[in-house]
$ cat entry_2.cif   # mmCIF, C-alpha atoms
data_start
#
loop_
_atom_site.label_atom_id
_atom_site.label_comp_id
_atom_site.auth_asym_id
_atom_site.auth_seq_id
_atom_site.Cartn_x
_atom_site.Cartn_y
_atom_site.Cartn_z
CA MET A 7 -3.74 12.32 -20.49
CA SER A 8 -2.86 9.04 -18.79
CA LEU A 9 -0.73 6.81 -21.00
CA VAL A 10 -0.29 3.03 -20.70
CA LEU A 11 2.51 1.10 -22.38
CA PRO A 12 1.97 -2.70 -22.40
CA LEU A 13 4.88 -5.04 -21.65
CA LEU A 14 5.28 -8.83 -21.70
CA PHE A 15 7.61 -11.05 -19.68
CA VAL A 16 7.83 -14.82 -20.10
CA GLY A 17 8.25 -17.05 -17.05
CA ALA A 18 10.62 -20.00 -17.04
CA GLY A 19 8.96 -23.38 -17.29
CA ALA A 20 9.57 -26.37 -15.01
CA PRO A 21 7.75 -29.59 -14.26
CA ALA A 22 6.14 -28.76 -10.90
CA ARG A 23 3.67 -26.05 -9.99
CA ALA A 24 3.53 -24.18 -6.67
CA GLN A 25 0.63 -25.15 -4.46
CA ASN A 26 -2.27 -22.70 -4.34
CA ILE A 27 -3.60 -21.38 -1.05
CA THR A 28 -7.00 -20.31 0.23
CA THR A 29 -7.99 -18.39 3.34
CA THR A 30 -11.15 -17.89 5.35
CA ALA A 31 -10.17 -14.27 5.97
CA PRO A 32 -12.04 -11.87 3.65
CA HIS A 33 -8.97 -9.67 3.13
CA ALA A 34 -5.37 -10.88 2.95
CA VAL A 35 -1.97 -10.23 1.38
CA VAL A 36 1.28 -12.18 1.36
CA MET A 37 4.20 -10.01 0.20
CA ASP A 38 7.90 -10.74 -0.27
CA ALA A 39 9.50 -7.78 1.49
CA ASP A 40 12.71 -7.73 -0.56
CA THR A 41 11.13 -7.60 -4.02
CA GLN A 42 7.75 -6.22 -2.86
CA THR A 43 6.11 -8.98 -4.90
CA VAL A 44 2.58 -9.81 -3.83
CA LEU A 45 2.53 -13.62 -3.69
CA PHE A 46 -1.12 -13.88 -2.70
CA GLU A 47 -4.02 -11.49 -2.35
CA LYS A 48 -7.70 -11.65 -1.52
CA GLY A 49 -9.86 -8.58 -1.21
CA ALA A 50 -6.61 -6.68 -0.99
CA ASP A 51 -7.99 -3.29 -2.03
CA ASP A 52 -11.23 -3.32 -0.06
CA ALA A 53 -11.50 -0.47 2.44
CA VAL A 54 -12.03 -1.79 5.98
CA SER A 55 -11.69 -0.54 9.55
CA PRO A 56 -8.11 -0.87 10.86
CA ALA A 57 -8.88 -0.92 14.59
CA SER A 58 -5.52 -0.78 16.41
CA LEU A 59 -3.57 -1.23 13.17
CA ALA A 60 -3.92 2.56 12.91
CA LYS A 61 -1.16 2.65 15.53
CA LEU A 62 1.29 1.47 12.86
CA MET A 63 0.90 4.82 11.12
CA THR A 64 1.27 6.58 14.47
CA ALA A 65 4.54 4.71 15.00
CA GLU A 66 5.70 5.69 11.50
CA LEU A 67 5.33 9.39 12.22
CA VAL A 68 7.17 9.01 15.53
CA PHE A 69 9.98 7.02 13.88
CA ARG A 70 10.26 9.69 11.18
CA ASP A 71 10.69 12.47 13.76
CA LEU A 72 13.23 10.38 15.65
CA LYS A 73 15.19 9.79 12.46
CA LYS A 74 15.09 13.51 11.62
CA GLY A 75 16.24 14.39 15.13
CA SER A 76 13.31 16.66 15.94
CA ILE A 77 12.61 14.47 19.00
CA THR A 78 14.63 11.86 20.90
CA LEU A 79 13.72 8.71 22.77
CA ASP A 80 14.09 10.70 26.00
CA THR A 81 11.77 13.55 24.96
CA PRO A 82 8.94 13.77 27.54
CA PHE A 83 5.32 13.96 26.33
CA TYR A 84 2.38 14.95 28.48
CA ILE A 85 -0.46 12.57 29.37
CA SER A 86 -3.59 14.66 28.91
CA GLU A 87 -6.99 13.91 30.39
CA LYS A 88 -8.19 12.90 26.91
CA ALA A 89 -5.34 10.41 26.54
CA TRP A 90 -5.98 9.02 30.03
CA LYS A 91 -9.74 8.66 29.55
CA THR A 92 -9.44 7.01 26.14
CA GLY A 93 -6.95 4.55 27.58
CA GLN A 94 -9.41 3.59 30.30
CA SER A 95 -12.00 2.54 27.73
CA GLY A 96 -9.73 0.28 25.67
CA GLY A 97 -6.13 -0.84 25.33
CA SER A 98 -3.96 1.03 27.84
CA MET A 99 -0.41 1.30 29.13
CA PHE A 100 -1.96 2.77 32.32
CA ALA A 101 -0.05 6.04 32.15
CA ARG A 102 -1.10 8.44 34.92
CA VAL A 103 -2.93 11.62 33.93
CA ASN A 104 -1.03 14.95 34.12
CA THR A 105 2.37 13.23 34.08
CA ASN A 106 5.17 13.21 31.50
CA VAL A 107 6.34 9.98 29.85
CA ARG A 108 9.42 9.43 27.66
CA VAL A 109 8.86 8.85 23.94
CA GLU A 110 10.54 5.43 24.12
CA ASP A 111 8.18 4.27 26.86
CA LEU A 112 5.18 5.61 24.94
CA LEU A 113 6.37 3.73 21.84
CA ARG A 114 6.48 0.51 23.83
CA GLY A 115 3.07 1.35 25.22
CA VAL A 116 1.71 1.70 21.68
CA ILE A 117 3.48 -1.24 20.05
CA VAL A 118 3.63 -3.87 22.81
CA GLN A 119 0.59 -2.96 24.92
CA SER A 120 -1.53 -1.32 22.18
CA GLY A 121 -2.20 1.57 24.55
CA ASN A 122 -4.70 4.14 23.34
CA ASP A 123 -3.40 6.53 25.98
CA ALA A 124 0.15 6.19 24.66
CA ALA A 125 -0.96 6.76 21.05
CA ILE A 126 -2.86 9.95 21.93
CA ALA A 127 0.05 11.27 24.01
CA LEU A 128 2.38 10.79 21.03
CA ALA A 129 -0.15 12.38 18.68
CA GLU A 130 -0.62 15.43 20.90
CA GLY A 131 3.12 15.73 21.51
CA ILE A 132 3.96 15.71 17.81
CA GLY A 133 0.89 17.29 16.21
CA GLY A 134 -0.25 19.62 18.98
CA SER A 135 -3.67 17.95 18.86
CA GLU A 136 -4.98 14.61 17.73
CA GLU A 137 -6.89 16.30 14.91
CA ASN A 138 -3.69 17.83 13.53
CA PHE A 139 -1.90 14.52 13.92
CA ALA A 140 -4.63 12.68 11.99
CA ALA A 141 -4.15 15.17 9.14
CA MET A 142 -0.42 14.40 9.24
CA MET A 143 -1.20 10.68 9.11
CA ASN A 144 -3.26 11.16 5.95
CA VAL A 145 -0.58 13.24 4.23
CA ARG A 146 2.00 10.59 5.07
CA ALA A 147 -0.25 7.75 3.89
CA ALA A 148 -0.66 9.48 0.52
CA GLU A 149 3.12 9.94 0.26
CA LEU A 150 3.61 6.21 0.83
CA GLY A 151 1.06 5.26 -1.83
CA MET A 152 -1.58 4.01 0.61
CA SER A 153 -4.46 4.97 -1.67
CA LYS A 154 -7.28 3.29 0.29
CA SER A 155 -6.29 4.59 3.72
CA HIS A 156 -7.80 7.44 5.70
CA PHE A 157 -7.22 8.10 9.39
CA THR A 158 -9.32 10.03 11.87
CA ASP A 159 -7.31 9.35 15.03
CA SER A 160 -4.02 7.93 16.25
CA TRP A 161 -5.30 4.83 18.05
CA GLY A 162 -7.90 3.15 15.82
CA GLY A 163 -11.33 4.25 16.95
CA ALA A 164 -14.40 2.76 15.28
CA ASN A 165 -15.07 5.73 13.00
CA PRO A 166 -16.72 4.97 9.62
CA GLY A 167 -14.30 7.42 7.99
CA GLN A 168 -11.24 5.51 9.24
CA THR A 169 -10.25 2.88 6.67
CA VAL A 170 -7.28 0.93 5.35
CA SER A 171 -6.79 -1.94 2.91
CA ALA A 172 -4.73 -5.11 3.19
CA ARG A 173 -2.45 -3.89 0.39
CA ASP A 174 -1.93 -0.55 2.11
CA MET A 175 -0.99 -2.30 5.35
CA ALA A 176 1.58 -4.42 3.51
CA ILE A 177 3.02 -1.26 1.94
CA LEU A 178 3.26 0.38 5.37
CA ALA A 179 4.84 -2.68 6.96
CA GLU A 180 7.48 -2.94 4.24
CA HIS A 181 8.26 0.75 4.67
CA LEU A 182 8.60 0.48 8.46
CA ILE A 183 10.95 -2.49 8.18
CA LYS A 184 13.24 -0.96 5.56
CA SER A 185 13.19 2.69 6.57
CA TYR A 186 13.59 2.36 10.34
CA PRO A 187 15.97 -0.52 11.15
CA ASP A 188 17.02 1.24 14.37
CA TYR A 189 13.44 1.18 15.72
CA TYR A 190 11.84 -1.88 14.15
CA HIS A 191 12.99 -4.07 17.06
CA TYR A 192 10.24 -2.61 19.28
CA PHE A 193 7.70 -4.63 17.26
CA GLY A 194 9.43 -7.84 18.34
CA GLU A 195 9.36 -7.19 22.10
CA LYS A 196 7.16 -9.81 23.75
CA GLU A 197 6.27 -7.88 26.90
CA PHE A 198 6.44 -4.48 28.58
CA THR A 199 5.82 -3.39 32.15
CA TRP A 200 4.57 0.07 33.08
CA SER A 201 3.08 1.28 36.35
CA LYS A 202 4.01 -2.16 37.73
CA ILE A 203 1.58 -3.75 35.27
CA ARG A 204 3.14 -6.41 33.01
CA GLN A 205 1.47 -6.92 29.64
CA LEU A 206 2.30 -9.40 26.89
CA ASN A 207 2.45 -8.45 23.22
CA ARG A 208 -0.82 -9.48 21.57
CA ASN A 209 0.85 -10.41 18.26
CA PRO A 210 0.60 -14.25 18.05
CA ILE A 211 3.33 -14.70 15.43
CA LEU A 212 5.96 -13.71 18.02
CA PHE A 213 5.11 -16.93 19.87
CA MET A 214 4.83 -19.25 16.82
CA ASP A 215 7.37 -21.43 15.03
CA VAL A 216 7.47 -19.18 11.92
CA ASN A 217 10.35 -16.90 13.05
CA GLY A 218 8.04 -13.91 13.38
CA ASP A 219 9.64 -10.67 14.56
CA GLY A 220 6.94 -7.96 14.41
CA LEU A 221 4.39 -5.81 13.68
CA LYS A 222 0.86 -5.63 15.16
CA VAL A 223 -2.70 -6.88 15.68
CA GLY A 224 -6.03 -5.18 16.21
CA ASN A 225 -9.72 -5.99 16.38
CA GLU A 226 -13.12 -4.39 16.67
CA LYS A 227 -15.26 -5.03 19.75
CA ASP A 228 -17.77 -7.07 17.74
CA GLY A 229 -15.19 -9.09 15.81
CA ASP A 230 -13.05 -8.50 12.70
CA PHE A 231 -9.67 -9.62 14.00
CA ASN A 232 -6.75 -8.05 12.10
CA LEU A 233 -3.03 -8.79 11.87
CA VAL A 234 0.03 -7.39 10.13
CA GLY A 235 3.05 -9.61 10.68
CA SER A 236 6.54 -10.25 9.37
CA ALA A 237 8.85 -13.23 9.60
CA VAL A 238 12.24 -14.29 8.21
CA PHE A 239 13.25 -17.76 7.05
CA GLN A 240 16.53 -18.61 5.31
CA GLY A 241 17.16 -14.96 4.50
CA GLN A 242 13.72 -14.31 3.03
CA ARG A 243 11.34 -11.90 4.75
CA LEU A 244 7.60 -12.19 4.24
CA ILE A 245 4.87 -9.76 5.24
CA VAL A 246 1.43 -11.23 5.93
CA VAL A 247 -1.75 -9.19 6.36
CA VAL A 248 -5.00 -10.74 7.60
CA LEU A 249 -8.04 -8.49 7.99
CA GLY A 250 -11.53 -9.43 9.15
CA ALA A 251 -10.90 -12.87 10.65
CA LYS A 252 -13.82 -14.10 12.77
CA THR A 253 -11.82 -14.95 15.90
CA ALA A 254 -8.36 -14.42 17.36
CA LYS A 255 -7.64 -18.12 16.77
CA ASP A 256 -8.64 -17.86 13.11
CA ARG A 257 -6.42 -14.79 12.73
CA ALA A 258 -3.41 -16.64 14.14
CA GLU A 259 -3.94 -19.86 12.20
CA GLU A 260 -4.52 -18.10 8.88
CA ALA A 261 -1.34 -16.07 9.37
CA ARG A 262 0.65 -19.21 10.23
CA LYS A 263 -0.66 -20.97 7.13
CA MET A 264 0.28 -18.06 4.87
CA PHE A 265 3.80 -17.81 6.26
CA ASN A 266 4.43 -21.53 5.83
CA TRP A 267 3.05 -21.40 2.27
CA GLY A 268 5.00 -18.32 1.27
CA PHE A 269 8.36 -19.62 2.49
CA ARG A 270 8.38 -22.45 -0.04
CA GLY A 271 7.79 -22.82 -3.74
CA PHE A 272 8.86 -19.46 -5.18
CA ASP A 273 11.71 -18.33 -7.42
CA THR A 274 13.11 -14.83 -7.82
CA LYS A 275 13.27 -13.42 -11.33
CA THR A 276 15.19 -10.27 -12.23
CA ILE A 277 13.07 -8.41 -14.79
CA PHE A 278 15.29 -5.31 -15.14
CA ASN A 279 18.69 -4.44 -13.73
CA ALA A 280 19.28 -1.21 -11.84
CA ASN A 281 19.19 1.82 -14.18
CA GLU A 282 18.27 -0.36 -17.16
CA ALA A 283 15.71 1.26 -19.46
CA VAL A 284 12.29 -0.23 -18.75
CA GLY A 285 10.55 1.85 -21.41
CA ALA A 286 10.27 5.45 -22.55
CA ALA A 287 7.92 8.35 -21.96
CA LYS A 288 6.90 10.84 -24.64
CA VAL A 289 8.27 14.36 -24.23
CA TYR A 290 6.56 17.51 -25.49
CA GLY A 291 8.68 20.48 -26.65
CA GLY A 292 12.10 18.97 -25.96
CA VAL A 293 15.32 18.42 -27.89
CA LYS A 294 14.32 14.74 -27.73
CA THR A 295 10.85 13.31 -28.25
CA GLU A 296 11.13 10.75 -25.46
CA VAL A 297 13.06 9.99 -22.29
CA PRO A 298 14.07 6.55 -20.95
CA LEU A 299 12.39 5.33 -17.75
CA VAL A 300 14.52 3.47 -15.21
CA SER A 301 14.50 2.18 -11.65
CA GLY A 302 17.37 3.00 -9.30
CA SER A 303 17.47 -0.61 -8.11
CA ALA A 304 16.98 -3.97 -9.78
CA ILE A 305 13.35 -4.88 -10.43
CA ARG A 306 12.78 -8.43 -9.26
CA VAL A 307 9.61 -10.42 -8.89
CA MET A 308 8.77 -13.67 -7.10
CA THR A 309 7.03 -16.28 -9.22
CA PRO A 310 5.63 -19.71 -8.24
CA ARG A 311 8.34 -22.31 -8.81
CA GLY A 312 7.69 -24.44 -11.85
CA THR A 313 5.15 -22.23 -13.58
CA ALA A 314 5.35 -21.40 -17.26
CA ASP A 315 2.84 -18.60 -16.82
CA LYS A 316 3.49 -15.28 -18.46
CA LEU A 317 3.99 -12.11 -16.47
CA THR A 318 2.42 -9.06 -18.04
CA GLY A 319 3.20 -5.48 -17.25
CA LYS A 320 2.36 -1.93 -18.12
CA ILE A 321 3.95 1.48 -17.64
CA VAL A 322 1.48 4.11 -16.50
CA TYR A 323 2.19 7.84 -16.56
CA VAL A 324 0.51 11.15 -17.28
CA GLY A 325 1.90 12.58 -20.48
CA PRO A 326 3.37 13.61 -22.67
CA LEU A 327 5.94 15.11 -20.31
CA ILE A 328 6.66 18.80 -20.87
CA ALA A 329 10.30 19.84 -21.41
CA PRO A 330 12.54 20.68 -19.71
CA VAL A 331 12.58 17.32 -17.90
CA ALA A 332 15.08 16.73 -15.09
CA ALA A 333 16.98 13.47 -14.66
CA GLY A 334 15.89 11.29 -11.74
CA GLN A 335 12.34 12.66 -11.69
CA THR A 336 9.66 10.11 -10.68
CA VAL A 337 7.11 10.28 -13.50
CA ALA A 338 5.67 6.78 -13.99
CA ARG A 339 4.90 3.44 -12.38
CA LEU A 340 5.60 -0.08 -13.58
CA LYS A 341 2.79 -2.50 -12.76
CA ILE A 342 3.52 -6.22 -13.22
CA TYR A 343 0.72 -8.80 -13.12
CA HIS A 344 0.78 -12.53 -12.55
CA GLY A 345 -2.49 -13.57 -14.11
CA ASP A 346 -5.10 -11.13 -12.86
CA SER A 347 -3.22 -10.31 -9.66
CA LEU A 348 -1.04 -7.22 -9.30
CA ALA A 349 2.31 -8.72 -8.32
CA LEU A 350 4.51 -5.62 -8.32
CA ASP A 351 4.03 -1.85 -8.46
CA VAL A 352 7.22 0.21 -8.54
CA PRO A 353 8.01 3.85 -9.38
CA LEU A 354 10.04 4.72 -12.47
CA LYS A 355 12.30 7.74 -12.89
CA THR A 356 13.61 9.62 -15.89
CA GLY A 357 16.96 8.17 -16.92
CA GLU A 358 18.33 11.43 -18.29
CA ALA A 359 17.51 15.11 -18.63
CA VAL A 360 15.75 16.52 -21.69
CA ASP A 361 16.28 20.22 -22.38
CA GLN A 362 13.66 22.44 -23.94
CA GLY A 363 13.81 22.41 -27.74
CA PRO A 364 13.91 25.38 -30.12
CA LEU A 365 10.75 27.33 -30.88
CA THR A 366 10.19 25.45 -34.15
CA GLN A 367 10.32 22.10 -32.33
CA ARG A 368 7.86 23.29 -29.68
CA ALA A 369 5.50 24.63 -32.36
CA ARG A 370 5.60 21.32 -34.23
CA ASP A 371 4.97 19.34 -31.03
CA ALA A 372 2.09 21.66 -30.16
CA ALA A 373 0.52 21.08 -33.57
CA LEU A 374 0.95 17.31 -33.24
CA GLU A 375 -0.52 17.29 -29.74
CA LEU A 376 -3.48 19.40 -30.86
CA GLY A 377 -4.02 17.00 -33.77
CA ARG A 378 -3.97 14.01 -31.42
CA GLN A 379 -6.47 15.65 -29.10
CA LEU A 380 -8.81 16.58 -31.96
CA PHE A 381 -8.54 13.07 -33.38
CA HIS A 382 -9.42 11.44 -30.05
CA LYS A 383 -12.22 13.94 -29.49
CA GLY A 384 -13.65 13.25 -32.97
CA LEU A 385 -13.26 9.49 -32.50
CA ASN A 386 -15.07 9.60 -29.15
CA SER A 387 -17.84 11.73 -30.67
CA ALA A 388 -18.23 9.35 -33.62
CA MET A 389 -18.36 6.32 -31.31
CA SER A 390 -21.00 8.01 -29.15
CA SER A 391 -23.12 8.77 -32.22
CA LEU A 392 -22.74 5.23 -33.48
CA ASN A 393 -23.73 3.82 -30.09
CA ARG A 394 -26.83 6.05 -29.96
CA LYS A 395 -27.78 5.09 -33.52
CA SER A 396 -27.33 1.38 -32.77
CA ALA A 397 -29.42 1.69 -29.63
CA GLY A 398 -32.20 3.46 -31.61
CA GLN A 399 -32.20 0.80 -34.30
CA ALA A 400 -32.37 -1.94 -31.68
CA ALA A 401 -35.35 -0.27 -30.03
CA ALA A 402 -37.14 0.17 -33.39
CA THR A 403 -36.73 -3.47 -34.37
CA ALA A 404 -37.43 -4.97 -30.95
CA PRO A 405 -40.64 -7.07 -30.76
CA LYS A 406 -43.53 -5.35 -29.01
CA GLU A 407 -44.88 -6.68 -25.80
CA ALA A 408 -48.02 -8.81 -26.03
CA GLY A 409 -51.19 -6.74 -25.72
CA SER A 410 -49.55 -3.39 -26.52
CA ALA A 411 -51.33 -0.96 -28.79
CA PRO A 412 -49.91 -0.20 -32.26
CA SER A 413 -48.10 3.08 -32.71
CA ALA A 414 -50.02 5.97 -34.22
CA PRO A 415 -49.17 6.75 -37.82
#
$ encode --input "entry_2.cif" --output "structure tokens"
Amino acid sequence: MSLVLPLLFVGAGAPARAQNITTTAPHAVVMDADTQTVLFEKGADDAVSPASLAKLMTAELVFRDLKKGSITLDTPFYISEKAWKTGQSGGSMFARVNTNVRVEDLLRGVIVQSGNDAAIALAEGIGGSEENFAAMMNVRAAELGMSKSHFTDSWGGANPGQTVSARDMAILAEHLIKSYPDYYHYFGEKEFTWSKIRQLNRNPILFMDVNGDGLKVGNEKDGDFNLVGSAVFQGQRLIVVVLGAKTAKDRAEEARKMFNWGFRGFDTKTIFNANEAVGAAKVYGGVKTEVPLVSGSAIRVMTPRGTADKLTGKIVYVGPLIAPVAAGQTVARLKIYHGDSLALDVPLKTGEAVDQGPLTQRARDAALELGRQLFHKGLNSAMSSLNRKSAGQAAATAPKEAGSAPSAP
């Protein structure tokens, strides 16, 4: 049974209100990277084609293997005929078929040049085949909480089954920035030369006045220009996602506008300190009937400067938890809303361990749980009967259509 515990936070009032923003892009997110607060969203959970943004997930899997030490930047990967051919029909680093290329050069080929050949070579080198690598991408996406994302290849082919959302791309960008500081700098490189061919990075924010330092762009052949970018101003890092812009110019200008808007007019509020109890989860069959829920780091949220609006929140978990319960176990999520928008979604862990209770305690909890289930089942059945009865009465008393024959006695 999924349980929801409502919470209420009150924002501090001030005389001015932060300016609202609109965008022509159908899907967009502005996120504060430090607090993971979503400052703005539009169509953020719609599933759309990623195009070359799929290469961000490819880079994540490569970074992960580099961090684990299972490969190095000097590990050579083979350029297969499939990788070479796919590169010829789209973005390419122009790697020669049947040669070996270092992982670091392939990474630059993927990130700077958006090379399909480089992405497939990395996928085949790590997964054995691109099909296996796509399965790895999907497992990893689920682990990162990218609930709207599904990948069918490493480079962003126009497959109807390949989808992401703006929120998922912001989640992935934040993860790449924080988890791989030793490799993030590749996203900020403005050019790369391979096979004596010099190519510029296609990410426009690297050449703007917004202090952009990474990530990536992509677009379909018939339009839908996408961007995931990050920039830092006065110590604050923002992540901006724009999906489905009509032109490359629109994509760049919408991203610039969102960065400029996000870097002003917001305050940071600490909602809970690190390891402070946010709420409690019910425990079944334990020496205690509930366990505190905490976050290992402070929970902070960005709010528009000068608003007196209330933040609302809820704790969502599947429960009651069954004892024994270990300390530090992720069992719930805290979702904080600013108005109707989901501003923050963070995992919560058990603040302490709860041992299994004596047999009498477990028997009592079992009886209480059975009673709750029977009550809810009976309540649902009664409501269904009442709804059917009300619908029947409404039909019986409804006026008949003109010209209809009377009912037979």
$ resolve_selection --input "entry_2.cif" --expression "the PyMOL selection byres ((chain A and resi 44) around 10)" --output "PyMOL selection string"
chain A and resi 35-39+41-43+45-47+173+176+244-246+307-309+343-344+347-351
$ residues_around --input "entry_2.cif" --residues "Ala53 of chain A" --least-positions-apart "2" --cutoff "10 Å" --atoms "all atoms listed in the file" --output "list in words"
His33, Gly49, Ala50, Asp51, Ser55, Pro56, Ser153, Lys154, Ser155, His156, Gln168, Thr169, Val170, Ser171, Ala172, Arg173 and Asp174 of chain A
$ write_last_selection --input "entry_2.cif" --atoms "C-alpha atoms" --output "PDB file, keeping the file's coordinate frame"
ATOM      1  CA  HIS A  33      -8.970  -9.670   3.130  1.00  0.00           C
ATOM      2  CA  GLY A  49      -9.860  -8.580  -1.210  1.00  0.00           C
ATOM      3  CA  ALA A  50      -6.610  -6.680  -0.990  1.00  0.00           C
ATOM      4  CA  ASP A  51      -7.990  -3.290  -2.030  1.00  0.00           C
ATOM      5  CA  SER A  55     -11.690  -0.540   9.550  1.00  0.00           C
ATOM      6  CA  PRO A  56      -8.110  -0.870  10.860  1.00  0.00           C
ATOM      7  CA  SER A 153      -4.460   4.970  -1.670  1.00  0.00           C
ATOM      8  CA  LYS A 154      -7.280   3.290   0.290  1.00  0.00           C
ATOM      9  CA  SER A 155      -6.290   4.590   3.720  1.00  0.00           C
ATOM     10  CA  HIS A 156      -7.800   7.440   5.700  1.00  0.00           C
ATOM     11  CA  GLN A 168     -11.240   5.510   9.240  1.00  0.00           C
ATOM     12  CA  THR A 169     -10.250   2.880   6.670  1.00  0.00           C
ATOM     13  CA  VAL A 170      -7.280   0.930   5.350  1.00  0.00           C
ATOM     14  CA  SER A 171      -6.790  -1.940   2.910  1.00  0.00           C
ATOM     15  CA  ALA A 172      -4.730  -5.110   3.190  1.00  0.00           C
ATOM     16  CA  ARG A 173      -2.450  -3.890   0.390  1.00  0.00           C
ATOM     17  CA  ASP A 174      -1.930  -0.550   2.110  1.00  0.00           C
TER      18      ASP A 174
END
$ closest_residue --input "entry_2.cif" --among "A:Ala164, A:Leu178, A:Ala261, A:Ala89" --to "Thr28 of chain A" --atoms "all atoms listed in the file"
A:Ala261
$ residues_near_point --input "entry_2.cif" --point "(12.7, -1.9, -6.1)" --cutoff "7 Å" --atoms "only C-alpha atoms" --output "JSON, numbers by chain"
{"A": [41, 303, 304, 305, 352]}
$ resolve_selection --input "entry_2.cif" --expression "the PyMOL selection byres ((chain A and resi 229-232) around 9)" --output "ChimeraX atom specification"
/A:55-59,222-228,233-234,247-254,256-257
$ resolve_selection --input "entry_2.cif" --expression "the PyMOL selection byres ((chain A and resi 135-146) around 8)" --output "list in words"
Met63, Thr64, Leu67, Ile126, Ala129, Glu130, Gly131, Ile132, Gly133, Gly134, Ala147, Ala148, Glu149, Leu150, Ser155, His156, Phe157, Thr158, Asp159 and Ser160 of chain A
$ residues_around --input "entry_2.cif" --residues "Thr81 of chain A" --least-positions-apart "2" --cutoff "8 Å" --atoms "only C-alpha atoms" --output "MDAnalysis selection string"
chainID A and resid 77:79 83 108:109
$ residues_near_point --input "entry_2.cif" --point "(4.6, -18.0, 11.1)" --cutoff "10 Å" --atoms "only C-alpha atoms" --output "list in words"
Pro210, Ile211, Leu212, Phe213, Met214, Asp215, Val216, Asn217, Gly218, Asp219, Gly235, Ser236, Ala237, Val238, Phe239, Leu244, Val246, Ala258, Glu259, Glu260, Ala261, Arg262, Lys263, Met264, Phe265, Asn266, Trp267, Gly268 and Phe269 of chain A
$ atom_distance --input "entry_2.cif" --atom1 "atom CA of Gly194 of chain A" --atom2 "atom CA of Met152 of chain A"
24.0 Å
$ closest_residue --input "entry_2.cif" --among "A:Ser120, A:Asn165, A:Asn281, A:Ser86" --to "Ala65 of chain A" --atoms "only C-alpha atoms"
A:Ser120
$ atom_distance --input "entry_2.cif" --atom1 "atom CA of Glu197 of chain A" --atom2 "atom CA of Gln94 of chain A"
19.7 Å
$ residues_around --input "entry_2.cif" --residues "Val293 of chain A" --least-positions-apart "3" --cutoff "10 Å" --atoms "only C-alpha atoms" --output "PDB file with C-alpha atoms, keeping the file's coordinate frame"
ATOM      1  CA  VAL A 289       8.270  14.360 -24.230  1.00  0.00           C
ATOM      2  CA  TYR A 290       6.560  17.510 -25.490  1.00  0.00           C
ATOM      3  CA  GLU A 296      11.130  10.750 -25.460  1.00  0.00           C
ATOM      4  CA  ALA A 329      10.300  19.840 -21.410  1.00  0.00           C
ATOM      5  CA  PRO A 330      12.540  20.680 -19.710  1.00  0.00           C
ATOM      6  CA  VAL A 360      15.750  16.520 -21.690  1.00  0.00           C
ATOM      7  CA  ASP A 361      16.280  20.220 -22.380  1.00  0.00           C
ATOM      8  CA  GLN A 362      13.660  22.440 -23.940  1.00  0.00           C
ATOM      9  CA  GLY A 363      13.810  22.410 -27.740  1.00  0.00           C
ATOM     10  CA  PRO A 364      13.910  25.380 -30.120  1.00  0.00           C
ATOM     11  CA  GLN A 367      10.320  22.100 -32.330  1.00  0.00           C
ATOM     12  CA  ARG A 368       7.860  23.290 -29.680  1.00  0.00           C
TER      13      ARG A 368
END
$ closest_residue --input "entry_2.cif" --among "A:Lys184, A:Lys73, A:Trp200, A:Ile177" --to "Met99 of chain A" --atoms "all atoms listed in the file"
A:Trp200
$ atom_distance --input "entry_2.cif" --atom1 "atom CA of Trp161 of chain A" --atom2 "atom CA of Asn122 of chain A"
5.4 Å
$ closest_residue --input "entry_2.cif" --among "A:Gly96, A:Ala125, A:Tyr186, A:Glu180" --to "Lys74 of chain A" --atoms "all atoms listed in the file"
A:Tyr186
$ axis_aligned_box --input "entry_2.cif" --around "segment 215-218 of chain A" --padding-each-side "5 Å" --output "lines of an AutoDock Vina configuration file"
center_x = 8.9
center_y = -17.7
center_z = 13.5
size_x = 13.0
size_y = 17.5
size_z = 13.1
$ decode --input "entry_2.cif" --residues "segment 167-174 of chain A" --atoms "N, CA and C atoms" --output "short mmCIF file (atom, residue, chain, number, x, y, z; two decimals), in the first residue's frame"
data_model
loop_
_atom_site.label_atom_id
_atom_site.label_comp_id
_atom_site.auth_asym_id
_atom_site.auth_seq_id
_atom_site.Cartn_x
_atom_site.Cartn_y
_atom_site.Cartn_z
N GLY A 167 10.54 4.19 -29.98
CA GLY A 167 10.68 3.68 -28.62
C GLY A 167 11.74 4.38 -27.80
N GLN A 168 12.46 5.32 -28.40
CA GLN A 168 13.52 6.04 -27.70
C GLN A 168 13.00 7.39 -27.22
N THR A 169 12.84 7.54 -25.91
CA THR A 169 12.22 8.75 -25.37
C THR A 169 12.94 9.20 -24.10
N VAL A 170 12.84 10.50 -23.84
CA VAL A 170 13.28 11.10 -22.59
C VAL A 170 12.27 12.18 -22.22
N SER A 171 12.44 12.79 -21.07
CA SER A 171 11.67 13.98 -20.71
C SER A 171 12.63 15.07 -20.29
N ALA A 172 12.14 16.30 -20.27
CA ALA A 172 12.98 17.42 -19.84
C ALA A 172 13.43 17.24 -18.39
N ARG A 173 12.54 16.74 -17.54
CA ARG A 173 12.93 16.53 -16.14
C ARG A 173 14.02 15.45 -16.03
N ASP A 174 13.86 14.37 -16.80
CA ASP A 174 14.87 13.32 -16.77
C ASP A 174 16.23 13.84 -17.22
#
